[in-house]
Amino acid sequence: MIRIKGKTGLITGGTKGIGLGIAEALLSEGVNVAITSRSLSKAEETAKQLNAKFDQAKAIGIKADVRNFQEQKEAVQQTLEKFDQLDYVIANAGLGHFAPISELTEEQWKETIDTNLSGVFYSAKASVEALSKTKGYFISISSLAGCNFFAGGAAYNASKFGVTGFTQAMMLDVRDKGIKVSTIMPGSVSTHFNGNNPNVNEDQEAWKIQIEDLGEIVVNLFKMHPRTLPSKIEVRPAQTKK
Ligand SMILES: NC(=O)c1ccc[n+]([C@@H]2O[C@H](COP(=O)([O-])OP(=O)(O)OC[C@H]3O[C@@H](n4cnc5c(N)ncnc54)[C@H](OP(=O)(O)O)[C@@H]3O)[C@@H](O)[C@H]2O)c1
């Protein structure tokens, strides 16, 4: 099994939800993390809380909107300046607008595609050179909505089908350069996604995948033998809602 202590990861959208769960799992394994947010104060506050909780490694917070390629390049640069190397990138930042085509607005369409799909491309493009130096690992957080479509999901399905396809094609581009690439496709996860409050009613949230479960999956992928690559991973609640 690979040792991951002392390595460095960059997580887009690490202030809450899945990104935060992955940050906590990596820090507990001794991996330094840079987390991004659209807000500098939120990124820095979250990093402060993480550093108070974990002393095995260090967290920093960076303002970088994934819709902005320049900010993604600067996020990679800041991570390299702080930690000297970049081993892991988790392109996680995302949101959802759900409405039938008659009600879906152009603004909702653009925000969904710009964040969920172009954001993953910018994160990959900005980091692939640094990852080639460390023979690192790039993970995108797609969704089960990236292979199953549903009414009201036109924008979200389009973005996540896109992420699934983009990530698999990128995997083929870089696998022989020693960079690993996977996409994780979760079902329902207990987060703040789409206005959900994961803390409001624990009973209602208990059936869902928890953020620490995705953190564990990511850690296990990073520890896997270099010869083997689980490239597309569907993750669902073991039981449906009661
Ligand atoms: N929850 C689920 O059931 C589920 C299932 C499958 C897939 N996913 C996917 O998982 C990913 C994370 O979602 P989540 O459930 O953890 O949602 P969440 O709790 O709402 O967290 C979303 C994170 O993304 C960040 N973010 C949003 N837009 C951003 C932007 N333009 N630039 C940078 N950061 C941005 C937010 O940070 P700030 O607000 O601080 O900017 C926040 O940290 C998304 O890609 C989502 O599609 C979620």
# chains A, B, ... in the order shown; residues from 1 in each chain; ligands from 1

call {"tool": "residues_near_ligand", "arguments": {"ligand": "ligand 1", "cutoff": "7 Å", "atoms": "only C-alpha atoms and all ligand atoms", "output": "PyMOL selection string"}}
result
chain A and resi 12-19+36-39+42-43+64-67+92-96+115-116+141-144+185-194

call {"tool": "write_last_selection", "arguments": {"atoms": "N, CA and C atoms", "output": "tab-separated table (two decimals), in the first residue's frame"}}
result
chain	number	residue	atom	x	y	z
A	12	THR	N	-11.18	21.69	-4.72
A	12	THR	CA	-12.03	22.83	-5.05
A	12	THR	C	-13.34	22.69	-4.29
A	13	GLY	N	-13.78	23.82	-3.71
A	13	GLY	CA	-15.02	23.78	-2.94
A	13	GLY	C	-14.87	22.97	-1.67
A	14	GLY	N	-13.96	23.40	-0.80
A	14	GLY	CA	-13.67	22.61	0.41
A	14	GLY	C	-14.25	23.19	1.67
A	15	THR	N	-15.15	24.16	1.56
A	15	THR	CA	-15.64	24.82	2.78
A	15	THR	C	-16.76	24.05	3.47
A	16	LYS	N	-17.40	23.15	2.74
A	16	LYS	CA	-18.48	22.36	3.35
A	16	LYS	C	-18.71	21.12	2.49
A	17	GLY	N	-19.62	20.28	2.95
A	17	GLY	CA	-20.04	19.13	2.15
A	17	GLY	C	-18.90	18.17	1.83
A	18	ILE	N	-18.98	17.60	0.63
A	18	ILE	CA	-18.06	16.53	0.23
A	18	ILE	C	-16.61	17.00	0.26
A	19	GLY	N	-16.35	18.21	-0.22
A	19	GLY	CA	-14.98	18.73	-0.24
A	19	GLY	C	-14.39	18.80	1.16
A	36	THR	N	-10.43	25.49	-1.66
A	36	THR	CA	-10.86	26.73	-2.29
A	36	THR	C	-12.33	27.01	-2.03
A	37	SER	N	-12.69	28.28	-2.26
A	37	SER	CA	-14.06	28.75	-2.09
A	37	SER	C	-14.21	29.99	-2.96
A	38	ARG	N	-15.47	30.38	-3.21
A	38	ARG	CA	-15.69	31.67	-3.89
A	38	ARG	C	-15.39	32.82	-2.94
A	39	SER	N	-15.27	32.53	-1.65
A	39	SER	CA	-15.08	33.59	-0.64
A	39	SER	C	-13.76	33.35	0.11
A	42	LYS	N	-14.39	32.69	3.89
A	42	LYS	CA	-14.90	31.34	4.18
A	42	LYS	C	-13.79	30.30	4.05
A	43	ALA	N	-12.94	30.47	3.03
A	43	ALA	CA	-11.84	29.51	2.82
A	43	ALA	C	-10.87	29.57	4.00
A	64	ALA	N	-10.78	30.99	-4.92
A	64	ALA	CA	-10.70	30.68	-6.36
A	64	ALA	C	-12.07	30.19	-6.80
A	65	ASP	N	-12.68	30.95	-7.68
A	65	ASP	CA	-13.95	30.54	-8.27
A	65	ASP	C	-13.64	29.61	-9.43
A	66	VAL	N	-14.17	28.39	-9.41
A	66	VAL	CA	-13.80	27.43	-10.47
A	66	VAL	C	-14.24	27.87	-11.86
A	67	ARG	N	-15.14	28.85	-11.92
A	67	ARG	CA	-15.57	29.35	-13.23
A	67	ARG	C	-14.52	30.24	-13.87
A	92	ASN	N	-14.09	19.16	-7.07
A	92	ASN	CA	-15.33	18.83	-6.35
A	92	ASN	C	-16.40	19.91	-6.46
A	93	ALA	N	-15.99	21.18	-6.55
A	93	ALA	CA	-16.95	22.30	-6.47
A	93	ALA	C	-18.10	22.10	-7.45
A	94	GLY	N	-19.30	22.31	-6.97
A	94	GLY	CA	-20.44	22.14	-7.86
A	94	GLY	C	-21.73	22.59	-7.21
A	95	LEU	N	-22.75	22.74	-8.04
A	95	LEU	CA	-24.08	23.13	-7.56
A	95	LEU	C	-25.13	22.52	-8.48
A	96	GLY	N	-26.39	22.69	-8.10
A	96	GLY	CA	-27.45	22.12	-8.93
A	96	GLY	C	-28.63	23.07	-9.07
A	115	THR	N	-19.86	26.08	-13.73
A	115	THR	CA	-19.30	25.59	-12.45
A	115	THR	C	-18.96	24.10	-12.55
A	116	ASN	N	-19.93	23.29	-12.91
A	116	ASN	CA	-19.78	21.84	-12.79
A	116	ASN	C	-18.90	21.24	-13.89
A	141	ILE	N	-15.48	14.93	-8.97
A	141	ILE	CA	-16.71	14.46	-8.31
A	141	ILE	C	-17.84	14.68	-9.32
A	142	SER	N	-18.21	13.61	-10.00
A	142	SER	CA	-19.36	13.66	-10.89
A	142	SER	C	-20.60	13.34	-10.06
A	143	SER	N	-21.41	12.42	-10.48
A	143	SER	CA	-22.66	12.10	-9.77
A	143	SER	C	-23.29	10.89	-10.46
A	144	LEU	N	-24.18	10.20	-9.75
A	144	LEU	CA	-25.00	9.20	-10.45
A	144	LEU	C	-25.85	9.89	-11.52
A	185	MET	N	-18.81	8.99	-8.62
A	185	MET	CA	-20.20	9.33	-8.98
A	185	MET	C	-21.12	8.98	-7.83
A	186	PRO	N	-21.28	9.93	-6.88
A	186	PRO	CA	-22.11	9.60	-5.72
A	186	PRO	C	-23.60	9.75	-6.01
A	187	GLY	N	-24.40	8.99	-5.26
A	187	GLY	CA	-25.84	9.24	-5.14
A	187	GLY	C	-26.04	10.26	-4.04
A	188	SER	N	-27.11	10.12	-3.27
A	188	SER	CA	-27.44	11.14	-2.27
A	188	SER	C	-26.42	11.19	-1.14
A	189	VAL	N	-25.83	12.36	-0.93
A	189	VAL	CA	-24.87	12.58	0.14
A	189	VAL	C	-25.44	13.66	1.07
A	190	SER	N	-25.26	13.50	2.35
A	190	SER	CA	-25.77	14.46	3.33
A	190	SER	C	-24.87	15.70	3.35
A	191	THR	N	-25.27	16.74	2.59
A	191	THR	CA	-24.49	17.98	2.48
A	191	THR	C	-25.45	19.16	2.39
A	192	HIS	N	-24.89	20.32	2.08
A	192	HIS	CA	-25.70	21.54	1.90
A	192	HIS	C	-26.19	21.70	0.46
A	193	PHE	N	-25.98	20.67	-0.37
A	193	PHE	CA	-26.32	20.75	-1.80
A	193	PHE	C	-27.77	21.14	-2.02
A	194	ASN	N	-27.98	22.08	-2.94
A	194	ASN	CA	-29.34	22.47	-3.36
A	194	ASN	C	-30.21	22.90	-2.17

call {"tool": "residues_around", "arguments": {"residues": "range 168-183 of chain A", "least_positions_apart": "4", "cutoff": "8 Å", "atoms": "only C-alpha atoms", "output": "number ranges by chain"}}
result
A: 131-132, 135-142, 164, 229-233

call {"tool": "closest_residue", "arguments": {"among": "A:Ile90, A:Glu29, A:Gln70, A:Ile2", "to": "Ala124 in chain A", "atoms": "only C-alpha atoms"}}
result
A:Ile90

call {"tool": "select_by_dssp", "arguments": {"residues": "range 11-163 of chain A", "states": "helix (DSSP H, G or I)", "output": "PyMOL selection string"}}
result
chain A and resi 17-28+40-53+69-83+106-134+144-146+154-163

call {"tool": "select_by_dssp", "arguments": {"residues": "range 109-219 of chain A", "states": "strand (DSSP E)", "output": "ChimeraX atom specification"}}
result
/A:137-141,180-186

call {"tool": "write_last_selection", "arguments": {"atoms": "N, CA and C atoms", "output": "short mmCIF file (atom, residue, chain, number, x, y, z; two decimals), in the first residue's frame"}}
result
data_model
loop_
_atom_site.label_atom_id
_atom_site.label_comp_id
_atom_site.auth_asym_id
_atom_site.auth_seq_id
_atom_site.Cartn_x
_atom_site.Cartn_y
_atom_site.Cartn_z
N TYR A 137 -2.49 12.41 -8.83
CA TYR A 137 -3.81 11.81 -8.99
C TYR A 137 -4.83 12.93 -9.12
N PHE A 138 -5.68 12.87 -10.15
CA PHE A 138 -6.76 13.83 -10.36
C PHE A 138 -8.10 13.11 -10.21
N ILE A 139 -8.95 13.64 -9.35
CA ILE A 139 -10.28 13.05 -9.16
C ILE A 139 -11.34 14.11 -9.42
N SER A 140 -12.34 13.77 -10.21
CA SER A 140 -13.50 14.65 -10.32
C SER A 140 -14.66 14.04 -9.53
N ILE A 141 -15.48 14.93 -8.97
CA ILE A 141 -16.71 14.46 -8.31
C ILE A 141 -17.84 14.68 -9.32
N LYS A 180 -2.75 9.33 -12.41
CA LYS A 180 -4.00 8.59 -12.27
C LYS A 180 -5.19 9.55 -12.32
N VAL A 181 -6.26 9.11 -12.93
CA VAL A 181 -7.47 9.94 -13.02
C VAL A 181 -8.70 9.06 -12.75
N SER A 182 -9.54 9.52 -11.84
CA SER A 182 -10.79 8.80 -11.55
C SER A 182 -11.93 9.79 -11.45
N THR A 183 -13.13 9.30 -11.73
CA THR A 183 -14.31 10.09 -11.39
C THR A 183 -15.14 9.30 -10.39
N ILE A 184 -15.58 10.01 -9.35
CA ILE A 184 -16.45 9.40 -8.34
C ILE A 184 -17.86 9.91 -8.59
N MET A 185 -18.81 8.99 -8.62
CA MET A 185 -20.20 9.33 -8.98
C MET A 185 -21.12 8.98 -7.83
N PRO A 186 -21.28 9.93 -6.88
CA PRO A 186 -22.11 9.60 -5.72
C PRO A 186 -23.60 9.75 -6.01
#

call {"tool": "atom_distance", "arguments": {"atom1": "CA of Ala52 in chain A", "atom2": "CA of Ala206 in chain A"}}
result
26.8 Å

call {"tool": "closest_residue", "arguments": {"among": "A:Glu106, A:Thr79, A:Glu24, A:Lys63", "to": "Ser41 in chain A", "atoms": "only C-alpha atoms"}}
result
A:Lys63

call {"tool": "closest_residue", "arguments": {"among": "A:Asn220, A:Asn197, A:Gln72, A:Thr240", "to": "Ile35 in chain A", "atoms": "only C-alpha atoms"}}
result
A:Gln72

call {"tool": "atom_distance", "arguments": {"atom1": "CA of Val89 in chain A", "atom2": "CA of Val31 in chain A"}}
result
12.1 Å

call {"tool": "atom_distance", "arguments": {"atom1": "CA of Tyr88 in chain A", "atom2": "CA of Ala47 in chain A"}}
result
17.5 Å

call {"tool": "closest_residue", "arguments": {"among": "A:Leu117, A:Ala75, A:Leu20, A:Leu26", "to": "Lys223 in chain A", "atoms": "only C-alpha atoms"}}
result
A:Leu26
